[in-house]
>>> print(open('coords08.txt').read())   # compact mmCIF, C-alpha atoms
# COMPACT_ATOMS: atom_id res chain seq x y z
CA MET Y 21 -21.65 -90.03 2.56
CA LYS Y 22 -23.86 -90.49 5.60
CA ASN Y 23 -21.03 -91.91 7.69
CA ILE Y 24 -18.61 -89.16 6.62
CA ILE Y 25 -21.02 -86.44 7.71
CA LEU Y 26 -21.70 -88.26 10.97
CA ILE Y 27 -17.98 -88.50 11.72
CA LEU Y 28 -17.60 -84.78 11.04
CA ALA Y 29 -20.49 -84.01 13.38
CA LEU Y 30 -18.94 -86.10 16.12
CA CYS Y 31 -15.56 -84.42 15.57
CA LEU Y 32 -17.19 -81.06 16.16
CA THR Y 33 -18.16 -82.23 19.63
CA SER Y 34 -15.03 -84.24 20.41
CA ARG Y 35 -13.36 -81.21 21.98
CA VAL Y 36 -16.28 -81.05 24.37
CA PHE Y 37 -15.79 -84.66 25.45
CA ALA Y 38 -12.01 -84.37 25.70
CA GLN Y 39 -11.75 -80.98 27.34
CA ASP Y 40 -15.11 -80.50 29.09
CA ALA Y 41 -16.80 -77.11 28.97
CA GLN Y 42 -15.37 -74.40 31.23
CA PHE Y 43 -16.38 -70.88 32.15
CA SER Y 44 -13.85 -68.08 31.76
CA GLN Y 45 -15.16 -66.66 35.04
CA TYR Y 46 -14.77 -70.03 36.74
CA PHE Y 47 -14.34 -68.28 40.09
CA ALA Y 48 -17.96 -67.10 39.89
CA ALA Y 49 -19.36 -70.58 39.11
CA SER Y 50 -18.58 -72.10 42.51
CA LEU Y 51 -20.51 -75.38 42.38
CA TYR Y 52 -19.37 -76.06 38.82
CA LEU Y 53 -15.75 -75.57 39.89
CA ASN Y 54 -15.73 -77.60 43.11
CA PRO Y 55 -18.58 -79.16 45.17
CA ALA Y 56 -16.74 -78.21 48.39
CA PHE Y 57 -17.56 -74.54 47.79
CA SER Y 58 -21.06 -74.93 49.23
CA GLY Y 59 -19.45 -75.55 52.62
CA ILE Y 60 -17.75 -72.15 52.93
CA TYR Y 61 -20.66 -69.76 52.34
CA ASN Y 62 -22.26 -68.04 55.30
CA ASP Y 63 -25.25 -66.57 53.41
CA PRO Y 64 -27.82 -68.03 50.99
CA SER Y 65 -26.80 -66.95 47.49
CA VAL Y 66 -27.79 -67.27 43.83
CA HIS Y 67 -25.21 -67.58 41.03
CA LEU Y 68 -25.63 -67.22 37.25
CA ASN Y 69 -23.08 -67.58 34.43
CA HIS Y 70 -23.73 -67.35 30.70
CA LYS Y 71 -20.98 -67.61 28.07
CA ARG Y 72 -21.45 -67.37 24.30
CA ARG Y 73 -19.20 -67.40 21.23
CA LEU Y 74 -19.54 -64.19 19.21
CA GLN Y 75 -18.31 -64.76 15.65
CA SER Y 76 -20.41 -67.43 14.00
CA VAL Y 77 -24.18 -67.61 13.61
CA ASP Y 78 -24.31 -71.23 12.42
CA VAL Y 79 -21.68 -72.67 14.78
CA ILE Y 80 -23.00 -72.32 18.33
CA ASN Y 81 -20.88 -72.48 21.45
CA GLU Y 82 -22.63 -71.42 24.65
CA LEU Y 83 -22.66 -72.40 28.33
CA THR Y 84 -25.14 -71.50 31.08
CA GLN Y 85 -25.26 -72.43 34.76
CA VAL Y 86 -27.62 -71.36 37.55
CA SER Y 87 -26.98 -72.44 41.13
CA PHE Y 88 -28.32 -71.80 44.62
CA ILE Y 89 -26.30 -72.31 47.82
CA PHE Y 90 -27.93 -72.57 51.22
CA PRO Y 91 -25.65 -72.62 54.33
CA ILE Y 92 -26.50 -74.87 57.27
CA LYS Y 93 -26.61 -73.13 60.68
CA PRO Y 94 -28.18 -75.29 63.43
CA ASN Y 95 -28.15 -72.53 66.07
CA GLY Y 96 -29.49 -69.56 64.09
CA GLN Y 97 -28.71 -67.17 61.25
CA PHE Y 98 -25.94 -65.29 63.11
CA GLU Y 99 -23.83 -68.43 63.55
CA GLN Y 100 -21.09 -69.41 61.13
CA SER Y 101 -22.17 -72.24 58.85
CA ILE Y 102 -21.11 -75.83 59.52
CA GLY Y 103 -21.67 -76.73 55.89
CA GLY Y 104 -24.00 -76.06 53.02
CA ALA Y 105 -26.39 -77.58 50.50
CA GLY Y 106 -26.84 -76.51 46.91
CA ILE Y 107 -28.50 -77.17 43.59
CA MET Y 108 -27.15 -76.42 40.12
CA ALA Y 109 -28.64 -76.56 36.61
CA PHE Y 110 -26.32 -76.52 33.59
CA ASN Y 111 -26.85 -76.24 29.82
CA GLU Y 112 -24.34 -76.50 26.99
CA LYS Y 113 -24.81 -76.17 23.22
CA SER Y 114 -22.07 -76.52 20.61
CA GLY Y 115 -21.38 -77.44 17.01
CA PHE Y 116 -23.17 -76.60 13.77
CA GLN Y 117 -26.60 -75.18 14.68
CA GLY Y 118 -26.19 -76.60 18.17
CA VAL Y 119 -25.92 -80.22 17.04
CA TYR Y 120 -24.61 -81.17 20.50
CA GLU Y 121 -26.56 -80.30 23.66
CA ARG Y 122 -26.06 -81.23 27.30
CA ASN Y 123 -28.49 -80.56 30.16
CA SER Y 124 -27.69 -81.37 33.79
CA VAL Y 125 -29.18 -80.95 37.25
CA PHE Y 126 -27.02 -81.53 40.36
CA VAL Y 127 -27.61 -81.55 44.11
CA ASN Y 128 -24.70 -80.69 46.37
CA TYR Y 129 -23.67 -81.03 50.01
CA ALA Y 130 -20.46 -80.00 51.78
CA HIS Y 131 -19.37 -80.06 55.41
CA ASN Y 132 -16.66 -77.85 56.87
CA MET Y 133 -14.24 -78.24 59.77
CA LYS Y 134 -12.66 -75.22 61.46
CA PHE Y 135 -9.33 -75.14 63.29
CA GLY Y 136 -7.01 -72.71 65.03
CA LEU Y 137 -7.51 -69.51 66.98
CA LEU Y 138 -10.78 -67.78 65.96
CA ALA Y 139 -11.30 -70.52 63.35
CA SER Y 140 -8.48 -69.25 61.14
CA TYR Y 141 -8.31 -72.52 59.16
CA LEU Y 142 -11.16 -74.21 57.35
CA ILE Y 143 -11.40 -77.49 55.44
CA SER Y 144 -14.53 -78.21 53.42
CA VAL Y 145 -15.38 -81.59 51.86
CA GLY Y 146 -18.20 -81.79 49.32
CA ALA Y 147 -20.05 -84.28 47.13
CA GLN Y 148 -22.29 -83.71 44.12
CA VAL Y 149 -24.75 -86.06 42.41
CA GLY Y 150 -26.58 -85.19 39.22
CA TYR Y 151 -28.57 -86.40 36.27
CA GLU Y 152 -27.30 -85.55 32.81
CA ILE Y 153 -28.90 -85.75 29.35
CA ARG Y 154 -26.68 -85.47 26.27
CA ARG Y 155 -28.22 -85.11 22.84
CA LEU Y 156 -26.99 -85.09 19.24
CA ASN Y 157 -29.58 -83.26 17.14
CA PHE Y 158 -29.17 -85.15 13.87
CA SER Y 159 -32.15 -83.28 12.42
CA ASN Y 160 -30.03 -80.10 12.39
CA LEU Y 161 -27.71 -81.65 9.79
CA ALA Y 162 -28.22 -82.10 6.04
CA TRP Y 163 -27.82 -85.68 4.79
CA GLY Y 164 -27.05 -86.88 1.27
CA SER Y 165 -30.15 -89.09 1.22
CA GLN Y 166 -32.31 -85.98 1.81
CA TYR Y 167 -31.44 -84.58 -1.64
CA ASN Y 168 -33.25 -85.46 -4.86
CA SER Y 169 -32.57 -84.70 -8.51
CA PHE Y 170 -35.61 -82.42 -8.96
CA TYR Y 171 -35.23 -79.58 -6.47
CA GLY Y 172 -32.33 -80.46 -4.15
CA PHE Y 173 -32.58 -80.71 -0.37
CA ASP Y 174 -35.89 -81.96 1.08
CA SER Y 175 -36.11 -81.52 4.87
CA ARG Y 176 -39.27 -83.65 4.93
CA LEU Y 177 -37.26 -86.80 4.22
CA PRO Y 178 -36.29 -88.78 7.36
CA VAL Y 179 -32.82 -88.60 8.88
CA PRO Y 180 -31.06 -91.86 7.93
CA VAL Y 181 -29.43 -92.67 11.27
CA THR Y 182 -30.09 -96.07 12.82
CA GLU Y 183 -26.74 -97.20 14.27
CA PHE Y 184 -26.57 -94.30 16.73
CA ASN Y 185 -28.89 -93.07 19.47
CA ASP Y 186 -29.55 -89.34 19.41
CA GLN Y 187 -29.77 -89.14 23.21
CA GLN Y 188 -28.19 -90.72 26.25
CA GLN Y 189 -28.76 -90.21 29.97
CA ASN Y 190 -26.46 -90.77 32.93
CA LEU Y 191 -26.06 -90.40 36.65
CA VAL Y 192 -22.91 -88.34 37.41
CA VAL Y 193 -20.99 -88.23 40.71
CA ASN Y 194 -18.46 -85.49 41.57
CA ALA Y 195 -16.50 -84.67 44.73
CA GLY Y 196 -14.05 -82.08 46.02
CA ILE Y 197 -12.10 -80.71 48.97
CA MET Y 198 -10.96 -77.18 49.85
CA TYR Y 199 -8.54 -75.64 52.34
CA TYR Y 200 -9.03 -71.99 53.29
CA TYR Y 201 -6.79 -69.86 55.52
CA ASN Y 202 -8.39 -66.76 57.06
CA PRO Y 203 -11.87 -67.55 55.68
CA GLU Y 204 -13.39 -64.38 57.15
CA ARG Y 205 -10.70 -62.31 55.42
CA ASN Y 206 -9.85 -60.48 58.63
CA TYR Y 207 -6.88 -58.35 57.60
CA LEU Y 208 -6.51 -56.75 61.00
CA LEU Y 209 -5.38 -60.06 62.52
CA HIS Y 210 -3.97 -61.73 59.40
CA LYS Y 211 -1.89 -60.26 56.57
CA TYR Y 212 -3.51 -62.35 53.84
CA SER Y 213 -5.95 -65.14 53.07
CA ALA Y 214 -5.18 -68.21 50.98
CA PHE Y 215 -7.08 -71.11 49.47
CA VAL Y 216 -6.52 -74.33 47.54
CA GLY Y 217 -8.99 -76.88 46.20
CA VAL Y 218 -9.07 -80.16 44.28
CA SER Y 219 -12.12 -81.75 42.67
CA ALA Y 220 -12.90 -84.80 40.54
CA THR Y 221 -15.74 -85.00 38.00
CA ASN Y 222 -17.26 -88.23 36.60
CA LEU Y 223 -16.11 -90.40 39.51
CA ASN Y 224 -18.59 -93.10 38.50
CA ARG Y 225 -17.28 -93.15 34.88
CA PRO Y 226 -20.69 -92.93 33.09
CA ASN Y 227 -21.11 -94.45 29.64
CA THR Y 228 -21.38 -91.55 27.15
CA SER Y 229 -21.38 -93.52 23.90
CA TYR Y 230 -24.12 -92.83 21.34
CA SER Y 231 -23.46 -96.16 19.63
CA THR Y 232 -25.97 -98.93 20.17
CA ASP Y 233 -23.17 -101.53 20.10
CA ASN Y 234 -20.21 -99.97 21.97
CA GLU Y 235 -19.47 -98.36 25.31
CA SER Y 236 -17.37 -95.26 25.98
CA MET Y 237 -16.69 -94.61 29.66
CA GLU Y 238 -16.30 -90.92 30.46
CA PRO Y 239 -12.83 -90.21 31.91
CA ILE Y 240 -12.38 -88.53 35.28
CA LEU Y 241 -11.74 -84.79 35.05
CA LEU Y 242 -9.41 -83.41 37.74
CA LYS Y 243 -9.45 -79.72 38.69
CA TYR Y 244 -7.02 -77.82 40.87
CA ASN Y 245 -7.58 -74.22 41.88
CA GLY Y 246 -5.63 -72.08 44.29
CA GLY Y 247 -4.54 -68.58 45.14
CA PHE Y 248 -4.36 -65.92 47.82
CA GLN Y 249 -5.66 -62.42 48.57
CA LEU Y 250 -3.73 -59.37 49.76
CA LYS Y 251 -5.03 -56.01 50.95
CA PHE Y 252 -3.26 -52.77 50.02
CA ASN Y 253 -5.18 -49.95 51.69
CA LYS Y 254 -8.41 -49.88 49.66
CA ILE Y 255 -7.35 -52.34 46.95
CA PHE Y 256 -7.76 -56.12 47.27
CA VAL Y 257 -5.56 -58.22 44.96
CA THR Y 258 -6.35 -61.91 44.32
CA PRO Y 259 -3.98 -63.90 42.07
CA SER Y 260 -5.21 -67.43 41.35
CA ILE Y 261 -4.80 -70.38 38.99
CA LEU Y 262 -6.96 -73.18 37.59
CA TYR Y 263 -5.46 -76.40 36.23
CA LEU Y 264 -7.47 -79.16 34.56
CA TYR Y 265 -6.37 -82.65 33.57
CA ILE Y 266 -8.38 -85.24 31.66
CA ARG Y 267 -7.10 -88.20 29.62
CA GLN Y 268 -3.65 -86.63 29.01
CA ASN Y 269 -5.26 -83.33 27.98
CA GLN Y 270 -4.36 -80.31 30.09
CA GLN Y 271 -5.61 -76.75 30.47
CA PHE Y 272 -3.99 -74.02 32.54
CA ASN Y 273 -5.53 -70.68 33.53
CA ALA Y 274 -3.74 -67.96 35.50
CA GLY Y 275 -4.60 -64.38 36.33
CA VAL Y 276 -5.48 -61.82 38.94
CA ASN Y 277 -8.63 -60.13 40.22
CA PHE Y 278 -8.62 -56.59 41.63
CA ALA Y 279 -11.26 -54.92 43.78
CA TYR Y 280 -11.18 -51.21 44.59
CA VAL Y 281 -13.25 -50.57 47.73
CA PRO Y 282 -13.58 -46.83 48.60
CA ASN Y 283 -15.08 -47.57 52.04
CA ALA Y 284 -12.70 -50.38 53.04
CA ASN Y 285 -11.48 -50.33 56.64
CA ASP Y 286 -8.56 -52.06 58.35
CA TYR Y 287 -10.71 -55.09 58.98
CA GLN Y 288 -12.48 -55.92 55.69
CA ALA Y 289 -14.14 -54.67 52.49
CA LYS Y 290 -17.40 -52.76 52.95
CA GLY Y 291 -19.71 -51.00 50.54
CA THR Y 292 -19.49 -50.65 46.76
CA GLN Y 293 -16.59 -52.38 44.99
CA LEU Y 294 -15.18 -51.76 41.51
CA LEU Y 295 -14.03 -55.09 40.05
CA PHE Y 296 -11.57 -55.78 37.27
CA GLY Y 297 -9.06 -58.45 36.30
CA THR Y 298 -7.17 -60.19 33.54
CA TRP Y 299 -6.45 -63.86 32.83
CA TYR Y 300 -4.60 -66.03 30.37
CA ARG Y 301 -5.72 -69.48 29.26
CA LEU Y 302 -2.51 -71.13 28.08
CA ARG Y 303 -2.19 -71.30 24.29
CA ASP Y 304 -5.81 -70.24 23.90
CA SER Y 305 -7.17 -66.89 25.10
CA PHE Y 306 -6.52 -63.61 26.86
CA ILE Y 307 -9.44 -62.80 29.16
CA PHE Y 308 -10.44 -59.36 30.43
CA VAL Y 309 -12.97 -58.89 33.27
CA GLY Y 310 -14.80 -55.84 34.62
CA GLY Y 311 -17.73 -55.36 36.97
CA ILE Y 312 -19.21 -53.89 40.11
CA LYS Y 313 -20.36 -55.17 43.47
CA PHE Y 314 -23.06 -53.15 45.18
CA SER Y 315 -24.46 -54.25 48.53
CA SER Y 316 -25.40 -57.92 48.01
CA LEU Y 317 -25.20 -57.93 44.19
CA ALA Y 318 -22.09 -58.53 42.05
CA VAL Y 319 -22.11 -58.33 38.25
CA ARG Y 320 -19.14 -59.05 35.97
CA VAL Y 321 -18.66 -59.09 32.19
CA SER Y 322 -15.66 -60.75 30.54
CA TYR Y 323 -14.30 -60.94 27.00
CA ASP Y 324 -12.21 -63.82 25.65
CA LEU Y 325 -9.72 -62.62 23.04
CA ASN Y 326 -8.59 -65.75 21.24
CA SER Y 327 -4.82 -65.93 20.89
CA THR Y 328 -3.30 -66.63 17.44
CA LEU Y 329 0.28 -66.42 18.70
CA PHE Y 330 0.69 -70.19 18.48
CA VAL Y 331 -1.12 -70.76 15.17
CA PRO Y 332 1.55 -71.55 12.56
CA GLU Y 333 -0.72 -70.90 9.58
CA LYS Y 334 -1.81 -67.26 9.92
CA ASN Y 335 -4.28 -67.53 7.03
CA ILE Y 336 -6.44 -69.94 9.02
CA ASP Y 337 -9.00 -68.18 11.20
CA LEU Y 338 -9.23 -70.07 14.48
CA ALA Y 339 -10.53 -67.13 16.50
CA GLN Y 340 -13.40 -67.96 18.80
CA HIS Y 341 -13.85 -64.77 20.76
CA SER Y 342 -16.61 -64.98 23.35
CA MET Y 343 -18.30 -62.99 26.08
CA GLU Y 344 -19.52 -64.08 29.49
CA ILE Y 345 -21.68 -62.48 32.16
CA SER Y 346 -21.81 -63.58 35.79
CA ILE Y 347 -24.22 -62.48 38.51
CA GLN Y 348 -24.02 -63.32 42.22
CA TYR Y 349 -26.68 -62.24 44.67
CA SER Y 350 -26.65 -62.76 48.44
CA LEU Y 351 -30.03 -63.29 50.09
CA SER Y 352 -28.80 -62.29 53.56
CA LYS Y 353 -30.46 -59.36 55.29
CA GLY Y 354 -27.53 -58.73 57.61
CA LEU Y 355 -25.27 -57.22 54.99
CA ASP Y 356 -22.84 -55.68 57.49
CA LEU Y 357 -22.08 -58.99 59.19
CA LYS Y 358 -18.82 -60.82 58.59
CA ARG Y 359 -19.43 -63.45 55.93
CA ILE Y 360 -17.57 -66.44 54.58
CA SER Y 361 -17.80 -66.46 50.80
CA ASN Y 362 -15.98 -67.60 47.71
CA PRO Y 363 -12.39 -66.37 48.22
CA LEU Y 364 -12.18 -65.45 44.55
CA PHE Y 365 -14.79 -62.67 44.66
>>> encode(input="coords08.txt", output="structure tokens")
Amino acid sequence: MKNIILILALCLTSRVFAQDAQFSQYFAASLYLNPAFSGIYNDPSVHLNHKRRLQSVDVINELTQVSFIFPIKPNGQFEQSIGGAGIMAFNEKSGFQGVYERNSVFVNYAHNMKFGLLASYLISVGAQVGYEIRRLNFSNLAWGSQYNSFYGFDSRLPVPVTEFNDQQQNLVVNAGIMYYYNPERNYLLHKYSAFVGVSATNLNRPNTSYSTDNESMEPILLKYNGGFQLKFNKIFVTPSILYLYIRQNQQFNAGVNFAYVPNANDYQAKGTQLLFGTWYRLRDSFIFVGGIKFSSLAVRVSYDLNSTLFVPEKNIDLAQHSMEISIQYSLSKGLDLKRISNPLF
């Protein structure tokens, strides 16, 4: 009985290991998406994402990341950055009563190279090193040996797990590269801006096994993101995609962000922006996003509507609707200056 329950608990978290946790608003979680992003910012900025499943009280599924990006400008604050440093903290909980938990802290550095007239082309290369703690909270589960014939379950009895560790710790190494055309989004000189990036997570293949006798090397997760932005008078349209590949498992996200900017000029967006968008995660969810950007603060809220179009047995409830909030705040005082930022927002 003990082993059966343990297998079930591990199955609950197997999707986490195979698929890796992802934010619906991945475009707002720059350092989690690609370490090269810290090389394209021109202002210090703070980023927060929190995503939580809505339906179940007992089965938890939530993700949180907080990151800080600091651009490097050797000749003063009005210069364009030559790269950037960053730090990111990440927390994940999933499974019955949060049986699985992951906590990570990463440091990040990226360097950029500019080419062409007025630096119209930019390539950023980044690396990320972090320390990760994964934990299986066996005490959150009920075991057969914790029941007695007199009054049933007794939480005071010890958890009978000896062949598995409840915690493991690893060093994790990630890297990425990005190409960005028209990074300043100057639509007076250029008709559009475009971007593409590739990143690899778990380059050092850390051992993530909880068994005291066996090893399980974490596979490398590959991410590709790309898109472009067009300006139509006061509306900015940004279609983009995200593709993930890990151990023959694939995930594909596609959608479009819109920004309505009442005070936009021929050169760039200025002032308050109304933000909205829609996305589709293939064979999984429809995602709807809305928000506002005011001065140096951007706030978005998204809703994941789980798709049942591909579920053959309609009587089985597989819906895992969730909500996510993202906040980005620029610490720059020169808010009217041209700035390089994440091309997705």
>>> residues_around(input="coords08.txt", residues="Y:Gln148", least_positions_apart="6", cutoff="8 Å", atoms="all atoms listed in the file", output="NGL selection string")
:Y and (55 or 126-129 or 193-195)
>>> atom_distance(input="coords08.txt", atom1="atom CA of Y:Glu235", atom2="atom CA of Y:Gly196")
26.9 Å
>>> atom_distance(input="coords08.txt", atom1="atom CA of Y:Leu68", atom2="atom CA of Y:Tyr201")
26.4 Å
>>> closest_residue(input="coords08.txt", among="Y:Thr292, Y:Gln249, Y:Asn123, Y:Ser305", to="Y:Phe278", atoms="all atoms listed in the file")
Y:Gln249
>>> closest_residue(input="coords08.txt", among="Y:Gln187, Y:Asn202, Y:Asn62, Y:Gln100", to="Y:Arg122", atoms="only C-alpha atoms")
Y:Gln187
>>> closest_residue(input="coords08.txt", among="Y:Ser342, Y:Ser101, Y:Ser229, Y:Ser140", to="Y:Arg154", atoms="only C-alpha atoms")
Y:Ser229
>>> axis_aligned_box(input="coords08.txt", around="stretch 69-88 of chain Y", padding_each_side="5 Å", output="JSON")
{"center_x": -23.3, "center_y": -68.4, "center_z": 28.5, "size_x": 20.0, "size_y": 18.5, "size_z": 42.2}
>>> atom_distance(input="coords08.txt", atom1="atom CA of Y:Ile92", atom2="atom CA of Y:Pro64")
9.4 Å
>>> residues_around(input="coords08.txt", residues="Y:Lys71", least_positions_apart="6", cutoff="10 Å", atoms="only C-alpha atoms", output="ChimeraX atom specification")
/Y:42-45,81-85,112,321-324,342-346
>>> closest_residue(input="coords08.txt", among="Y:Phe272, Y:Phe252, Y:Phe110, Y:Phe215", to="Y:Arg303", atoms="all atoms listed in the file")
Y:Phe272
>>> closest_residue(input="coords08.txt", among="Y:Arg267, Y:Lys243, Y:Arg225, Y:Arg205", to="Y:Ala289", atoms="all atoms listed in the file")
Y:Arg205
>>> closest_residue(input="coords08.txt", among="Y:Tyr212, Y:Tyr151, Y:Tyr265, Y:Phe90", to="Y:Ser65", atoms="all atoms listed in the file")
Y:Phe90
>>> residues_around(input="coords08.txt", residues="Y:Glu152", least_positions_apart="4", cutoff="9 Å", atoms="only C-alpha atoms", output="number ranges by chain")
Y: 122-126, 188-192
>>> write_last_selection(input="coords08.txt", atoms="C-alpha atoms", output="tab-separated table (two decimals), keeping the file's coordinate frame")
chain	number	residue	atom	x	y	z
Y	122	ARG	CA	-26.06	-81.23	27.30
Y	123	ASN	CA	-28.49	-80.56	30.16
Y	124	SER	CA	-27.69	-81.37	33.79
Y	125	VAL	CA	-29.18	-80.95	37.25
Y	126	PHE	CA	-27.02	-81.53	40.36
Y	188	GLN	CA	-28.19	-90.72	26.25
Y	189	GLN	CA	-28.76	-90.21	29.97
Y	190	ASN	CA	-26.46	-90.77	32.93
Y	191	LEU	CA	-26.06	-90.40	36.65
Y	192	VAL	CA	-22.91	-88.34	37.41
>>> build_atoms(input="coords08.txt", residues="stretch 255-275 of chain Y", atoms="N, CA and C atoms", output="PDB file, in the coordinates of the input")
ATOM      1  N   ILE Y 255      -7.391 -51.449  48.103  1.00  0.00           N
ATOM      2  CA  ILE Y 255      -7.350 -52.340  46.950  1.00  0.00           C
ATOM      3  C   ILE Y 255      -7.081 -53.764  47.416  1.00  0.00           C
ATOM      4  N   PHE Y 256      -7.909 -54.707  46.954  1.00  0.00           N
ATOM      5  CA  PHE Y 256      -7.760 -56.120  47.270  1.00  0.00           C
ATOM      6  C   PHE Y 256      -7.282 -56.826  45.994  1.00  0.00           C
ATOM      7  N   VAL Y 257      -6.187 -57.558  46.104  1.00  0.00           N
ATOM      8  CA  VAL Y 257      -5.560 -58.220  44.960  1.00  0.00           C
ATOM      9  C   VAL Y 257      -5.620 -59.728  45.176  1.00  0.00           C
ATOM     10  N   THR Y 258      -6.156 -60.463  44.174  1.00  0.00           N
ATOM     11  CA  THR Y 258      -6.350 -61.910  44.320  1.00  0.00           C
ATOM     12  C   THR Y 258      -5.791 -62.656  43.114  1.00  0.00           C
ATOM     13  N   PRO Y 259      -4.512 -63.026  43.126  1.00  0.00           N
ATOM     14  CA  PRO Y 259      -3.980 -63.900  42.070  1.00  0.00           C
ATOM     15  C   PRO Y 259      -4.489 -65.328  42.295  1.00  0.00           C
ATOM     16  N   SER Y 260      -4.756 -66.040  41.207  1.00  0.00           N
ATOM     17  CA  SER Y 260      -5.210 -67.430  41.350  1.00  0.00           C
ATOM     18  C   SER Y 260      -4.942 -68.191  40.053  1.00  0.00           C
ATOM     19  N   ILE Y 261      -5.010 -69.524  40.149  1.00  0.00           N
ATOM     20  CA  ILE Y 261      -4.800 -70.380  38.990  1.00  0.00           C
ATOM     21  C   ILE Y 261      -5.876 -71.472  38.969  1.00  0.00           C
ATOM     22  N   LEU Y 262      -6.091 -72.018  37.781  1.00  0.00           N
ATOM     23  CA  LEU Y 262      -6.960 -73.180  37.590  1.00  0.00           C
ATOM     24  C   LEU Y 262      -6.248 -74.132  36.645  1.00  0.00           C
ATOM     25  N   TYR Y 263      -6.103 -75.380  37.060  1.00  0.00           N
ATOM     26  CA  TYR Y 263      -5.460 -76.400  36.230  1.00  0.00           C
ATOM     27  C   TYR Y 263      -6.412 -77.570  36.079  1.00  0.00           C
ATOM     28  N   LEU Y 264      -6.589 -78.042  34.840  1.00  0.00           N
ATOM     29  CA  LEU Y 264      -7.470 -79.160  34.560  1.00  0.00           C
ATOM     30  C   LEU Y 264      -6.697 -80.261  33.845  1.00  0.00           C
ATOM     31  N   TYR Y 265      -7.023 -81.506  34.200  1.00  0.00           N
ATOM     32  CA  TYR Y 265      -6.370 -82.650  33.570  1.00  0.00           C
ATOM     33  C   TYR Y 265      -7.419 -83.721  33.290  1.00  0.00           C
ATOM     34  N   ILE Y 266      -7.463 -84.180  32.032  1.00  0.00           N
ATOM     35  CA  ILE Y 266      -8.380 -85.240  31.660  1.00  0.00           C
ATOM     36  C   ILE Y 266      -7.785 -86.024  30.490  1.00  0.00           C
ATOM     37  N   ARG Y 267      -7.556 -87.292  30.680  1.00  0.00           N
ATOM     38  CA  ARG Y 267      -7.100 -88.200  29.620  1.00  0.00           C
ATOM     39  C   ARG Y 267      -5.927 -87.604  28.837  1.00  0.00           C
ATOM     40  N   GLN Y 268      -4.883 -87.195  29.566  1.00  0.00           N
ATOM     41  CA  GLN Y 268      -3.650 -86.630  29.010  1.00  0.00           C
ATOM     42  C   GLN Y 268      -3.856 -85.284  28.312  1.00  0.00           C
ATOM     43  N   ASN Y 269      -5.036 -84.697  28.446  1.00  0.00           N
ATOM     44  CA  ASN Y 269      -5.260 -83.330  27.980  1.00  0.00           C
ATOM     45  C   ASN Y 269      -5.183 -82.399  29.185  1.00  0.00           C
ATOM     46  N   GLN Y 270      -4.550 -81.242  28.995  1.00  0.00           N
ATOM     47  CA  GLN Y 270      -4.360 -80.310  30.090  1.00  0.00           C
ATOM     48  C   GLN Y 270      -4.809 -78.908  29.686  1.00  0.00           C
ATOM     49  N   GLN Y 271      -5.278 -78.157  30.680  1.00  0.00           N
ATOM     50  CA  GLN Y 271      -5.610 -76.750  30.470  1.00  0.00           C
ATOM     51  C   GLN Y 271      -5.149 -75.975  31.699  1.00  0.00           C
ATOM     52  N   PHE Y 272      -4.535 -74.825  31.450  1.00  0.00           N
ATOM     53  CA  PHE Y 272      -3.990 -74.020  32.540  1.00  0.00           C
ATOM     54  C   PHE Y 272      -4.475 -72.588  32.403  1.00  0.00           C
ATOM     55  N   ASN Y 273      -5.057 -72.053  33.487  1.00  0.00           N
ATOM     56  CA  ASN Y 273      -5.530 -70.680  33.530  1.00  0.00           C
ATOM     57  C   ASN Y 273      -4.830 -69.958  34.686  1.00  0.00           C
ATOM     58  N   ALA Y 274      -4.378 -68.744  34.447  1.00  0.00           N
ATOM     59  CA  ALA Y 274      -3.740 -67.960  35.500  1.00  0.00           C
ATOM     60  C   ALA Y 274      -4.092 -66.495  35.312  1.00  0.00           C
ATOM     61  N   GLY Y 275      -4.268 -65.795  36.426  1.00  0.00           N
ATOM     62  CA  GLY Y 275      -4.600 -64.380  36.330  1.00  0.00           C
ATOM     63  C   GLY Y 275      -4.774 -63.753  37.691  1.00  0.00           C
TER      64      GLY Y 275
END
